[in-house]
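Written below as structure tokens is the structure these notes are about.
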Amino acid sequence: MMSRLDRALSKLGIASRSEAKRLIADGRVRVAGRIVRNAAHLVVPEHGSITVDGAKPPVREWRAIAFHKPKGVVTTRRDPEGRPTVFDVLGETAESLVAVGRLDMASTGLLLLTTDTELANYLTDPSHAIVRRYIVTVRGALDDEDAARMTDGVDGLRARSVVVRKRSARETHLVVELVEGKNREIRRMLESLGHPVTKLMRVAFGGVELGGLQPGEWREVSPEEVTEGTEFTTKERRERRRTKKS
């Protein structure tokens, strides 16, 4: 999948988006041997022949992890405002990993990270409709009509499914599934319906589930688990098939 050059540098683990823009503006980035100063220049990160100061991105072994993102940390490699990031929490564990999509600062739960940028692109591409499942608590009693409106569409946003688990005058507990993962999608829909979100936790992304992971904990994820139910085949799985055939 094509990406902006600054985003490609971030996905390859070379620099944050803001640092990447500076590197590009300073003429330190080449694509197929030519200096590119336009951060919006489109490339395929894995096949773009990108170098920074003449060096190619390091070759990384295939790896993916499931991480329980705590509340109060942001999903970025470095934050210009100095807020703690998921990479600060993970430390050396996150070396060479990129986040698959994001969770906002106030949200918790499952965040996938991987060295496979092609996989990350596939899982976050809306056309592939990879299901994300969330446990959500909102203020007030959300009625069945409003729950149905979320699946019909609210202000151009739409949930795949909404199930009311518990309802009282004080708050309502929901299970919400999305297939696009737009910025603050659930929060925006529910705010429009007059029910601000007080808690939001992602519990599943495609075939990977949060399970018993506690905030700040992580586990390794296999290629089979992360691609379950999809048509995507990781390089590692392709290599395994070639080895078996030979």
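To be explicit about the labels: the chains of the structure tokens are called A, B, and onward in the order shown, and within each one the residues are counted from 1, while ligands get numbers from 1 in the order they are shown.
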For the structure I just gave you, how does DSSP split segment 108-245 of chain A - specifically, which residues are strand (DSSP E or B)? Reply as a PDB file with N, CA and C atoms, in the first residue's frame.
```pdb
ATOM      1  N   THR A 108      -8.244   2.351  26.543  1.00  0.00           N
ATOM      2  CA  THR A 108      -7.351   1.282  26.978  1.00  0.00           C
ATOM      3  C   THR A 108      -7.593   0.050  26.111  1.00  0.00           C
ATOM      4  N   GLY A 109      -6.803  -0.984  26.376  1.00  0.00           N
ATOM      5  CA  GLY A 109      -7.072  -2.259  25.727  1.00  0.00           C
ATOM      6  C   GLY A 109      -6.079  -2.664  24.669  1.00  0.00           C
ATOM      7  N   LEU A 110      -6.535  -3.537  23.780  1.00  0.00           N
ATOM      8  CA  LEU A 110      -5.657  -4.226  22.836  1.00  0.00           C
ATOM      9  C   LEU A 110      -5.080  -3.302  21.773  1.00  0.00           C
ATOM     10  N   LEU A 111      -3.758  -3.277  21.724  1.00  0.00           N
ATOM     11  CA  LEU A 111      -3.037  -2.593  20.655  1.00  0.00           C
ATOM     12  C   LEU A 111      -2.058  -3.594  20.066  1.00  0.00           C
ATOM     13  N   LEU A 112      -2.132  -3.785  18.751  1.00  0.00           N
ATOM     14  CA  LEU A 112      -1.189  -4.664  18.072  1.00  0.00           C
ATOM     15  C   LEU A 112       0.012  -3.861  17.616  1.00  0.00           C
ATOM     16  N   LEU A 113       1.186  -4.461  17.720  1.00  0.00           N
ATOM     17  CA  LEU A 113       2.413  -3.869  17.190  1.00  0.00           C
ATOM     18  C   LEU A 113       3.157  -4.946  16.430  1.00  0.00           C
ATOM     19  N   THR A 114       3.817  -4.556  15.336  1.00  0.00           N
ATOM     20  CA  THR A 114       4.481  -5.546  14.489  1.00  0.00           C
ATOM     21  C   THR A 114       5.658  -4.926  13.754  1.00  0.00           C
ATOM     22  N   ARG A 132     -12.945  -4.770  14.864  1.00  0.00           N
ATOM     23  CA  ARG A 132     -12.406  -4.381  16.164  1.00  0.00           C
ATOM     24  C   ARG A 132     -13.568  -4.396  17.159  1.00  0.00           C
ATOM     25  N   ARG A 133     -13.361  -5.003  18.325  1.00  0.00           N
ATOM     26  CA  ARG A 133     -14.447  -5.089  19.313  1.00  0.00           C
ATOM     27  C   ARG A 133     -14.070  -4.298  20.577  1.00  0.00           C
ATOM     28  N   TYR A 134     -15.043  -3.540  21.097  1.00  0.00           N
ATOM     29  CA  TYR A 134     -14.816  -2.659  22.238  1.00  0.00           C
ATOM     30  C   TYR A 134     -15.881  -2.871  23.314  1.00  0.00           C
ATOM     31  N   ILE A 135     -15.457  -2.746  24.575  1.00  0.00           N
ATOM     32  CA  ILE A 135     -16.376  -2.680  25.706  1.00  0.00           C
ATOM     33  C   ILE A 135     -16.462  -1.204  26.083  1.00  0.00           C
ATOM     34  N   VAL A 136     -17.673  -0.663  26.086  1.00  0.00           N
ATOM     35  CA  VAL A 136     -17.858   0.778  26.235  1.00  0.00           C
ATOM     36  C   VAL A 136     -18.868   1.063  27.353  1.00  0.00           C
ATOM     37  N   THR A 137     -18.559   2.061  28.171  1.00  0.00           N
ATOM     38  CA  THR A 137     -19.493   2.560  29.176  1.00  0.00           C
ATOM     39  C   THR A 137     -19.810   4.010  28.852  1.00  0.00           C
ATOM     40  N   VAL A 138     -21.112   4.348  28.855  1.00  0.00           N
ATOM     41  CA  VAL A 138     -21.536   5.723  28.552  1.00  0.00           C
ATOM     42  C   VAL A 138     -22.435   6.242  29.672  1.00  0.00           C
ATOM     43  N   ARG A 139     -22.560   7.543  29.734  1.00  0.00           N
ATOM     44  CA  ARG A 139     -23.451   8.160  30.718  1.00  0.00           C
ATOM     45  C   ARG A 139     -24.903   8.046  30.265  1.00  0.00           C
ATOM     46  N   VAL A 154     -24.372   7.501  12.174  1.00  0.00           N
ATOM     47  CA  VAL A 154     -24.518   8.747  12.923  1.00  0.00           C
ATOM     48  C   VAL A 154     -23.442   9.703  12.439  1.00  0.00           C
ATOM     49  N   LEU A 157     -20.695   8.207  10.510  1.00  0.00           N
ATOM     50  CA  LEU A 157     -19.970   7.135  11.186  1.00  0.00           C
ATOM     51  C   LEU A 157     -20.926   5.967  11.406  1.00  0.00           C
ATOM     52  N   SER A 161     -21.848  -3.522  14.725  1.00  0.00           N
ATOM     53  CA  SER A 161     -22.878  -4.049  15.617  1.00  0.00           C
ATOM     54  C   SER A 161     -22.780  -3.356  16.967  1.00  0.00           C
ATOM     55  N   VAL A 162     -23.910  -3.299  17.669  1.00  0.00           N
ATOM     56  CA  VAL A 162     -23.970  -2.715  19.011  1.00  0.00           C
ATOM     57  C   VAL A 162     -24.871  -3.601  19.860  1.00  0.00           C
ATOM     58  N   VAL A 163     -24.353  -4.050  20.989  1.00  0.00           N
ATOM     59  CA  VAL A 163     -25.134  -4.868  21.918  1.00  0.00           C
ATOM     60  C   VAL A 163     -25.147  -4.177  23.275  1.00  0.00           C
ATOM     61  N   VAL A 164     -26.342  -3.948  23.827  1.00  0.00           N
ATOM     62  CA  VAL A 164     -26.469  -3.369  25.162  1.00  0.00           C
ATOM     63  C   VAL A 164     -26.366  -4.490  26.183  1.00  0.00           C
ATOM     64  N   ARG A 165     -25.365  -4.438  27.050  1.00  0.00           N
ATOM     65  CA  ARG A 165     -25.154  -5.476  28.061  1.00  0.00           C
ATOM     66  C   ARG A 165     -25.861  -5.150  29.367  1.00  0.00           C
ATOM     67  N   LYS A 166     -25.887  -3.868  29.719  1.00  0.00           N
ATOM     68  CA  LYS A 166     -26.479  -3.443  30.980  1.00  0.00           C
ATOM     69  C   LYS A 166     -26.910  -1.998  30.847  1.00  0.00           C
ATOM     70  N   ARG A 167     -28.070  -1.675  31.386  1.00  0.00           N
ATOM     71  CA  ARG A 167     -28.586  -0.312  31.254  1.00  0.00           C
ATOM     72  C   ARG A 167     -29.201   0.151  32.575  1.00  0.00           C
ATOM     73  N   GLU A 171     -25.868   4.830  33.827  1.00  0.00           N
ATOM     74  CA  GLU A 171     -24.928   4.494  32.758  1.00  0.00           C
ATOM     75  C   GLU A 171     -25.381   3.260  31.993  1.00  0.00           C
ATOM     76  N   THR A 172     -24.794   3.101  30.797  1.00  0.00           N
ATOM     77  CA  THR A 172     -25.090   1.948  29.944  1.00  0.00           C
ATOM     78  C   THR A 172     -23.783   1.296  29.519  1.00  0.00           C
ATOM     79  N   HIS A 173     -23.773  -0.038  29.538  1.00  0.00           N
ATOM     80  CA  HIS A 173     -22.598  -0.800  29.121  1.00  0.00           C
ATOM     81  C   HIS A 173     -22.886  -1.444  27.761  1.00  0.00           C
ATOM     82  N   LEU A 174     -21.967  -1.271  26.820  1.00  0.00           N
ATOM     83  CA  LEU A 174     -22.169  -1.731  25.447  1.00  0.00           C
ATOM     84  C   LEU A 174     -20.998  -2.578  24.973  1.00  0.00           C
ATOM     85  N   VAL A 175     -21.281  -3.433  23.988  1.00  0.00           N
ATOM     86  CA  VAL A 175     -20.235  -4.069  23.181  1.00  0.00           C
ATOM     87  C   VAL A 175     -20.410  -3.524  21.765  1.00  0.00           C
ATOM     88  N   VAL A 176     -19.375  -2.860  21.267  1.00  0.00           N
ATOM     89  CA  VAL A 176     -19.448  -2.211  19.953  1.00  0.00           C
ATOM     90  C   VAL A 176     -18.388  -2.810  19.038  1.00  0.00           C
ATOM     91  N   GLU A 177     -18.790  -3.129  17.821  1.00  0.00           N
ATOM     92  CA  GLU A 177     -17.832  -3.614  16.820  1.00  0.00           C
ATOM     93  C   GLU A 177     -17.737  -2.621  15.671  1.00  0.00           C
ATOM     94  N   LEU A 178     -16.506  -2.357  15.246  1.00  0.00           N
ATOM     95  CA  LEU A 178     -16.225  -1.468  14.115  1.00  0.00           C
ATOM     96  C   LEU A 178     -15.441  -2.231  13.066  1.00  0.00           C
ATOM     97  N   VAL A 197     -18.869   9.014  26.391  1.00  0.00           N
ATOM     98  CA  VAL A 197     -18.165   7.803  26.821  1.00  0.00           C
ATOM     99  C   VAL A 197     -17.367   8.087  28.088  1.00  0.00           C
ATOM    100  N   THR A 198     -17.495   7.214  29.071  1.00  0.00           N
ATOM    101  CA  THR A 198     -16.690   7.324  30.287  1.00  0.00           C
ATOM    102  C   THR A 198     -15.575   6.281  30.330  1.00  0.00           C
ATOM    103  N   LYS A 199     -15.781   5.142  29.666  1.00  0.00           N
ATOM    104  CA  LYS A 199     -14.742   4.112  29.576  1.00  0.00           C
ATOM    105  C   LYS A 199     -14.821   3.458  28.207  1.00  0.00           C
ATOM    106  N   LEU A 200     -13.651   3.178  27.636  1.00  0.00           N
ATOM    107  CA  LEU A 200     -13.605   2.505  26.336  1.00  0.00           C
ATOM    108  C   LEU A 200     -12.382   1.603  26.310  1.00  0.00           C
ATOM    109  N   MET A 201     -12.625   0.324  26.107  1.00  0.00           N
ATOM    110  CA  MET A 201     -11.530  -0.643  26.062  1.00  0.00           C
ATOM    111  C   MET A 201     -11.689  -1.553  24.849  1.00  0.00           C
ATOM    112  N   ARG A 202     -10.640  -1.643  24.028  1.00  0.00           N
ATOM    113  CA  ARG A 202     -10.669  -2.576  22.897  1.00  0.00           C
ATOM    114  C   ARG A 202     -10.267  -3.957  23.394  1.00  0.00           C
ATOM    115  N   VAL A 203     -11.090  -4.945  23.050  1.00  0.00           N
ATOM    116  CA  VAL A 203     -10.842  -6.302  23.544  1.00  0.00           C
ATOM    117  C   VAL A 203     -10.497  -7.288  22.433  1.00  0.00           C
ATOM    118  N   ALA A 204     -10.656  -6.884  21.183  1.00  0.00           N
ATOM    119  CA  ALA A 204     -10.295  -7.779  20.075  1.00  0.00           C
ATOM    120  C   ALA A 204      -9.998  -6.964  18.832  1.00  0.00           C
ATOM    121  N   PHE A 205      -9.055  -7.466  18.031  1.00  0.00           N
ATOM    122  CA  PHE A 205      -8.705  -6.863  16.742  1.00  0.00           C
ATOM    123  C   PHE A 205      -8.498  -8.026  15.797  1.00  0.00           C
ATOM    124  N   VAL A 208      -7.114 -11.573  17.033  1.00  0.00           N
ATOM    125  CA  VAL A 208      -6.364 -11.431  18.289  1.00  0.00           C
ATOM    126  C   VAL A 208      -7.278 -10.861  19.370  1.00  0.00           C
ATOM    127  N   GLU A 209      -7.261 -11.484  20.544  1.00  0.00           N
ATOM    128  CA  GLU A 209      -8.079 -11.019  21.658  1.00  0.00           C
ATOM    129  C   GLU A 209      -7.193 -10.572  22.818  1.00  0.00           C
ATOM    130  N   TRP A 218       2.056  -7.525  27.847  1.00  0.00           N
ATOM    131  CA  TRP A 218       2.045  -7.850  26.426  1.00  0.00           C
ATOM    132  C   TRP A 218       2.385  -9.327  26.251  1.00  0.00           C
ATOM    133  N   ARG A 219       2.107  -9.823  25.063  1.00  0.00           N
ATOM    134  CA  ARG A 219       2.466 -11.196  24.712  1.00  0.00           C
ATOM    135  C   ARG A 219       2.774 -11.269  23.228  1.00  0.00           C
ATOM    136  N   GLU A 220       3.559 -12.268  22.863  1.00  0.00           N
ATOM    137  CA  GLU A 220       3.870 -12.503  21.459  1.00  0.00           C
ATOM    138  C   GLU A 220       2.635 -13.048  20.740  1.00  0.00           C
TER     139      GLU A 220
END
```
**Q.** Option closest in space to Thr117 of chain A, from A:Val29, A:Ala99, A:Val226, A:Val52 [counting only C-alpha atoms]
**A.**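 The answer is A:Ala99, which sits nearest to Thr117 of chain A.
With distances restricted to only C-alpha atoms, A:Val221 is the closest residue to Ala64 of chain A from A:Ala159, A:Ile50, A:Ala15, A:Val221.
Of the listed residues A:Asp125, A:Ser222, A:Ser168, A:Gly229, the one whose atoms come nearest to Gly181 of chain A is A:Asp125, with distances taken using only C-alpha atoms.
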Q. Separation of atom CA of Tyr122 of chain A and atom CA of Asp79 of chain A, in Å?
A.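 Answer for the atom CA of Tyr122 of chain A to atom CA of Asp79 of chain A separation: 25.4 Å.
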Taking only residues of segment 102-213 of chain A that have an atom at most 12 Å from an atom of segment 38-47 of chain A, what is each one's shortest atom pair and its distance in Å to one decimal, using only C-alpha atoms, in chain and number order, as JSON lines?
```
{"residue": "A:Thr115", "atom": "CA", "partner": "A:Glu46", "partner_atom": "CA", "distance": 11.0}
{"residue": "A:Asp116", "atom": "CA", "partner": "A:Glu46", "partner_atom": "CA", "distance": 9.0}
{"residue": "A:Thr117", "atom": "CA", "partner": "A:Glu46", "partner_atom": "CA", "distance": 7.4}
{"residue": "A:Glu118", "atom": "CA", "partner": "A:Glu46", "partner_atom": "CA", "distance": 7.4}
{"residue": "A:Leu119", "atom": "CA", "partner": "A:Glu46", "partner_atom": "CA", "distance": 10.9}
{"residue": "A:Ala120", "atom": "CA", "partner": "A:Pro45", "partner_atom": "CA", "distance": 11.4}
{"residue": "A:Asn121", "atom": "CA", "partner": "A:Pro45", "partner_atom": "CA", "distance": 10.2}
```
